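Written out below as structure tokens is the structure these notes cover.
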Amino acid sequence: MDSTIPASSIERQVSSPAAKFTVALVGNPNTGKSTFFSALCGVPARIGNYPGVTVEKKIGKYRDSQGTVTVVDLPGTYSLSARTPDEMVSVDVLLGRQADVAHVDVIVAIVDATNLERNLYLFTQLRQLNRPIVLVLNMWDRMQAEGRTIEVDELSRRLGVRVVAVSASRSQGIDEAKKMIRQVAGEPHATAASLFPPILEGEVNELSQWLRETADIELQPFLVERLIFDIGGAHASELARRPKLSELPARLAQIRERLAVAGQKVPALETRERYKWIRSQLAGIASVPDEQSRSLSDRIDQVLTHRVWGFLMFGLIMFAIFQAITSGTVWAMDWITGSLQSWLVSGVESLLAPGTLRSLVNDGIIAGVGSVIVFLPQILMLFFFIGLLEDCGYMARAAFVMDKLMTKLGLSGKSFLPLMSSFACAVPGIMATRVIEDRRDRMVTILIAPLMSCSARLPVYVLLVTAFVPQVSWLGGWIGLQGSVLFAMHLVGLAVAVPVAWLLKKFFFPGDVPPFVMELPSYKVPSPRVVFYRVWERAEAFLTRAGTLIFCTAVLVWAAGYFPGDHRPLNELTRKIEQAQAQAAESAEADASTEKSLDGLPLDGLPLEVLTAQRRQLSGQLIEQSLLGRSGKLIEPVVKPLGWDWKIGVGVIASFPAREVIIATLGTIYSLGGDVGEEDEGLRAAIVRSRWPDGRPVYTLPVALSIMVFFALCAQCAATLMVIKRETNSWRWPVFTFFYMTALAYVAALLTYQVGTLILGAMA
Amino acid sequence: MSSPTLLTLADIAPGQTATISEVIGDDAIAVRLMEMGLTDGETVRVVGRAPLGDPIELSIRGYKLSLRKLEAARVRVQAQKASDVT
């Protein structure tokens, strides 16, 4: 093979510095950073994760007059002290130590113009990294609306960087920002003068020299400074593992000791000096916040965080969101699974003869794609509301209001919305956990979210409750037993989630309670653009990343239910039925009642109903022979203690892609054909009639309850598992979730059946 | 003139203002508090409390910050009378 390209030519292709370069977008949370990113690049070219961490990697591109600019959107951080995964990734990317990201040529530091002082803290660290910087003063419109000013030119002169005023949510100032980014990319830049007292500079130089002489390590001054500032920092302990540098921790302690003696105690030294510098830079050129506008936000807060009104408003808003993502999306989901899917299926039926290909397309691919896009309405709806609440400033207040209650679960207020959303569907719920910065809190929230009783469990509950729970009611029909059981099923998951969260915190994610240090942004009218970008970004991420995996799972389960087996008789029968149907339609159309069978394909003189019944029986037999059916029989000894027969076992295995699939599978096994719903009299009658070989009925109240409890707690939802994979960036956690939930579901179902049988036996 | 009482930010009533004298400790939480602008000498106002009494809302350096009482107790302050506010 002589297809190797000389390394030098690759290099020339990738980096022709004038036209193409890479920009890193850095800023605090709540600065409108992602809105600015969208205004620059449109929809991101790539959303993924940095290898091995749950930090989202977002890369976009835009073209200006001279070429393509790549933009790396770094996670929102308050500092570069590299204590959290977000901060560590940011530092690595900025210093060119992240292998999968190109060298950063320009840093775009974005700050909230209405909150300049705190936002510039990060800038004071960025200016030490020896890269050209453009400072973007975002939310310029809001700052002006508050009646304030910042003298941009003077600020630029004092800070020694180019400064641009932008209102990203209105797309104002974007072209100017692009122009400025292009300009600084080509300019030489001066090294920023230190803002720390000389004693620190001396210590940094000395430590750099020691590192160079002892271990031949050349570190950038910023990193050496960080070694001194970050007590117990990860970088220092990493270096100290090298044999020559085992002395490092002791040295750092001595340096800190010397600084403390000089009245410069670490870590207070760093923050104090940086803030002092910022205040001196801003003196006289940035007007202080207007008391009027501040008090308006305060007054809104007095209502929204009030002891009574606060909870009431919170409850109302959450109720509205919950209604919108459940009832508000039902029509769309019904349209996808009903009209759209059956339209496609009948279209394929008219094109393809009955056979493996048709079954693959209809039962595998169309059903598989359907199982992906059926989640879209809920994702769109939830992220519409999240975008709205985040942009108007209420989201932080919701976390503020709920925090105290959520600490009882060992979580924080930020976990509330994702968990509540999971009652509609865990998929958008898990995606919403991105608002939780603390990694351990986020992981625990992701892992317990699937326990919340989502809407896909409802069909299973309805089928079994209506068939086996007696229709008893009290208080003049206001409280029914069936409704109560339905309600209890929704509580099972929640009740189990509390100890699970506690155990996960204790054994898998141990550590101190993370601080709840959260900015409460001022209230404002939400921007449609911001909300739109937010919804679009999440929908795209779901479809491209999780969607493909969900689709594959659906097709795999289809194959397991299809192979092996001789489908020829079934195909033959299907052809006959379709012919008869077409004929019936034709004759009805022509209004001709003459009986006439088509050449070579006699109807055997059997009525359509008999043929359909034959087909149901055949497909029931085929699924029994299939891999799926065989595994159902294989696991019968395992599920027998739960009171289940092999048919229920098959239903449970087949419902791995989605819980509600069990209804269609049971329909097929009980020879009802694929099209049954939970309200279907035929299926309900069939399961009531179902018998063990010795004649006992299979389904009793304890069996029905054990199935319901199993479905309340199991992880039979490929979409949820794939979203966990995407969000945690590891296969470990979906596998963990599957096993812990299945084990939990099994034990709970076992207890339900055994205890239920005992009680019924005692009553009899 | 102030006596060295051990008052912390968690003890300040809503609507009251205080001056920060020190953030206790050098761990991640202390550093985060300092990075958010809670540095010595800075003036801070307690805006209000969440419906269940915790966390609290602060106004500092021209923006709003919420902290749990547990974290607020890490911030040693000196209470200010309304007339002292600069």
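Starting from 1 in every chain, residues are counted up; chains themselves are A, B, ... following the order of the structure tokens, and ligands are numbered from 1 as listed.
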
Check which residues of chain B sit at most 9 Å from chain A using only C-alpha atoms, and return one row each with the closest pair of atoms and their distance in Å to one decimal, ordered by chain and rising number, as a Markdown table.
```
| residue | atom | partner | partner_atom | distance |
| --- | --- | --- | --- | --- |
| B:Glu22 | CA | A:Ala268 | CA | 8.7 |
| B:Val23 | CA | A:Ala268 | CA | 8.1 |
| B:Asp26 | CA | A:Pro267 | CA | 6.3 |
| B:Asp27 | CA | A:Ile231 | CA | 7.4 |
| B:Ala28 | CA | A:Arg83 | CA | 7.5 |
| B:Ile29 | CA | A:Pro515 | CA | 6.3 |
| B:Ala30 | CA | A:Pro267 | CA | 8.7 |
| B:Val31 | CA | A:Pro267 | CA | 6.8 |
| B:Arg32 | CA | A:Val517 | CA | 7.9 |
| B:Leu33 | CA | A:Val517 | CA | 7.4 |
| B:Met34 | CA | A:Thr271 | CA | 6.0 |
| B:Glu35 | CA | A:Thr271 | CA | 5.9 |
| B:Met36 | CA | A:Arg118 | CA | 6.6 |
| B:Gly37 | CA | A:Arg118 | CA | 6.4 |
| B:Leu38 | CA | A:Thr271 | CA | 8.8 |
| B:Thr39 | CA | A:Arg272 | CA | 6.0 |
| B:Asp40 | CA | A:Arg272 | CA | 7.4 |
| B:Val47 | CA | A:Asp298 | CA | 7.7 |
| B:Gly48 | CA | A:Gln302 | CA | 7.7 |
| B:Arg49 | CA | A:Thr305 | CA | 7.4 |
| B:Ala50 | CA | A:Val401 | CA | 5.3 |
| B:Pro51 | CA | A:Arg307 | CA | 4.0 |
| B:Leu52 | CA | A:Lys404 | CA | 6.6 |
| B:Gly53 | CA | A:Lys404 | CA | 8.1 |
| B:Asp54 | CA | A:Lys404 | CA | 6.1 |
| B:Pro55 | CA | A:Phe400 | CA | 6.6 |
| B:Ile56 | CA | A:Phe400 | CA | 8.4 |
| B:Glu57 | CA | A:Leu520 | CA | 8.1 |
| B:Arg61 | CA | A:Glu117 | CA | 6.7 |
| B:Gly62 | CA | A:Pro289 | CA | 6.3 |
| B:Tyr63 | CA | A:Asn115 | CA | 6.3 |
| B:Lys64 | CA | A:Leu520 | CA | 5.1 |
| B:Leu65 | CA | A:Glu519 | CA | 4.5 |
| B:Ser66 | CA | A:Met518 | CA | 5.2 |
| B:Leu67 | CA | A:Val517 | CA | 5.0 |
| B:Arg68 | CA | A:Phe516 | CA | 6.0 |
| B:Leu70 | CA | A:Pro515 | CA | 8.6 |
| B:Glu71 | CA | A:Pro515 | CA | 6.8 |
```

Keeping only C-alpha atoms, take the residues you just selected and write them out as a short mmCIF file (atom, residue, chain, number, x, y, z; two decimals), in the first residue's frame.
```
data_model
loop_
_atom_site.label_atom_id
_atom_site.label_comp_id
_atom_site.auth_asym_id
_atom_site.auth_seq_id
_atom_site.Cartn_x
_atom_site.Cartn_y
_atom_site.Cartn_z
CA GLU B 22 -13.08 36.14 56.36
CA VAL B 23 -14.10 32.96 54.59
CA ASP B 26 -9.10 26.55 52.36
CA ASP B 27 -11.10 23.69 50.82
CA ALA B 28 -13.04 23.66 47.54
CA ILE B 29 -16.15 25.21 49.09
CA ALA B 30 -14.23 28.09 50.63
CA VAL B 31 -12.43 28.76 47.34
CA ARG B 32 -15.70 28.66 45.39
CA LEU B 33 -17.24 31.20 47.79
CA MET B 34 -14.26 33.49 47.37
CA GLU B 35 -14.31 33.08 43.58
CA MET B 36 -17.96 34.11 43.58
CA GLY B 37 -16.83 37.40 45.08
CA LEU B 38 -17.20 36.83 48.81
CA THR B 39 -13.82 38.31 49.69
CA ASP B 40 -12.71 40.10 52.85
CA VAL B 47 -32.10 39.66 50.29
CA GLY B 48 -34.32 36.86 51.52
CA ARG B 49 -34.81 33.21 52.25
CA ALA B 50 -36.36 30.29 50.38
CA PRO B 51 -39.88 29.30 51.52
CA LEU B 52 -38.50 26.60 53.83
CA GLY B 53 -35.93 28.97 55.37
CA ASP B 54 -32.95 27.59 53.49
CA PRO B 55 -31.10 28.47 51.20
CA ILE B 56 -30.67 32.23 51.49
CA GLU B 57 -30.40 34.86 48.77
CA ARG B 61 -20.88 42.84 43.81
CA GLY B 62 -24.06 43.88 42.01
CA TYR B 63 -25.52 40.40 41.50
CA LYS B 64 -27.65 37.83 43.35
CA LEU B 65 -26.24 34.66 44.80
CA SER B 66 -27.91 31.86 46.74
CA LEU B 67 -26.15 29.80 49.39
CA ARG B 68 -27.26 27.19 51.85
CA LEU B 70 -24.31 25.54 55.85
CA GLU B 71 -22.13 27.44 53.38
#
```

Among region 443-500 of chain A, which ones does DSSP place in helix (DSSP H, G or I), written as a ChimeraX atom specification?
-> /A:443-451,455-468,481-500

Run DSSP on the backbone of this structure and report the residues of region 468-628 of chain A it assigns to strand (DSSP E or B), as a PyMOL selection string.
-> chain A and resi 473-474+479-480+518-519

Mind dumping the selected residues with C-alpha atoms as a PDB file, in the first residue's frame?
```pdb
ATOM      1  CA  SER A 473     -65.544   2.027  45.081  1.00  0.00           C
ATOM      2  CA  TRP A 474     -66.078   3.994  48.255  1.00  0.00           C
ATOM      3  CA  ILE A 479     -62.536   6.602  45.402  1.00  0.00           C
ATOM      4  CA  GLY A 480     -62.299   3.463  43.313  1.00  0.00           C
ATOM      5  CA  MET A 518     -25.873  29.342  42.669  1.00  0.00           C
ATOM      6  CA  GLU A 519     -26.257  32.591  40.846  1.00  0.00           C
TER       7      GLU A 519
END
```

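The spacing separating CA of Lys244 (chain A) from CA of Ala215 (chain A) amounts to 6.0 Å.
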
Write out as a PyMOL selection string each polymer residue whose atoms come within 6 Å of Ala426 (chain A), counting only C-alpha atoms; drop sequence neighbours fewer than 4 positions from it.
-> chain A and resi 422+430+449-450

Just how far from CA of Pro510 (chain A) is CA of Ser421 (chain A), in Å to one decimal?
->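 Going from CA of Ser421 (chain A) over to CA of Pro510 (chain A), I get 25.9 Å.
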
Between CA of Ile325 (chain A) and CA of Phe383 (chain A), what is the spacing in Å?
->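 Result for CA of Phe383 (chain A) versus CA of Ile325 (chain A): 9.9 Å, one decimal.
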
Within 8 Å of region 749-760 of chain A using only C-alpha atoms, minus same-chain residues under 6 positions, as a PyMOL selection string | chain A and resi 641-643+701-703+705-707+709-710

Pick the closest to Ala13 (chain B) from B:Val46, B:Gly41, B:Ile60, B:Lys69: which is it, counting only C-alpha atoms?
-> B:Val46

Of the candidates A:Val101, A:Arg256, A:Leu94, A:Phe322, which one gets nearest to Phe222 (chain A) if we count only C-alpha atoms?
->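 Among the listed residues, the smallest separation from Phe222 (chain A) belongs to A:Leu94.
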
Which neighbours of Gly410 (chain A) fall inside 12 Å, counting only C-alpha atoms, when residues of the same chain fewer than 2 positions from it are skipped, and could you give them as a ChimeraX atom specification?
-> /A:403-408,412-416,440-442,444-445,497-506,509-514

If you count only C-alpha atoms, which residues fall within 10 Å of region 191-205 of chain A, apart from same-chain ones fewer than 6 positions away, as a PyMOL selection string?
-> chain A and resi 124+126-132+159-161+211+221-228+252+255-256+258-259+262+264+269-270+272-274+276-278

Taking only C-alpha atoms into account, which of A:Leu491, A:Ile373, A:Cys425, A:Val111 comes nearest Ala539 (chain A)?
->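 The shortest atom-to-atom distance to Ala539 (chain A) comes from A:Ile373.
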
Residues near Ser690 (chain A), cut-off 12 Å, only C-alpha atoms, skip fewer than 2 positions along chain, as a compact mmCIF listing (two decimals) with C-alpha atoms, in the first residue's frame:
```
# COMPACT_ATOMS: atom_id res chain seq x y z
CA TRP A 644 -45.51 -16.07 35.55
CA ASP A 645 -45.64 -18.57 32.72
CA TRP A 646 -43.31 -18.57 29.71
CA LYS A 647 -45.64 -16.32 27.72
CA ILE A 648 -45.30 -13.52 30.22
CA LEU A 666 -48.86 -10.77 24.51
CA ILE A 669 -48.57 -14.91 21.72
CA TYR A 670 -52.27 -15.21 22.52
CA SER A 671 -52.80 -15.31 18.76
CA LEU A 683 -56.55 -9.44 24.90
CA ARG A 684 -58.21 -8.90 28.25
CA ALA A 685 -60.47 -11.90 27.66
CA ALA A 686 -57.52 -13.98 26.45
CA ILE A 687 -55.39 -13.37 29.52
CA VAL A 688 -58.37 -14.01 31.81
CA TRP A 692 -51.50 -23.48 33.24
CA PRO A 693 -51.24 -27.04 31.83
CA ASP A 694 -52.96 -28.30 35.01
CA GLY A 695 -55.95 -26.06 34.41
CA ARG A 696 -55.31 -23.35 37.03
CA PRO A 697 -55.72 -19.81 35.69
CA VAL A 698 -52.36 -18.15 34.98
CA TYR A 699 -53.46 -14.65 35.83
CA THR A 700 -54.66 -14.09 39.35
```
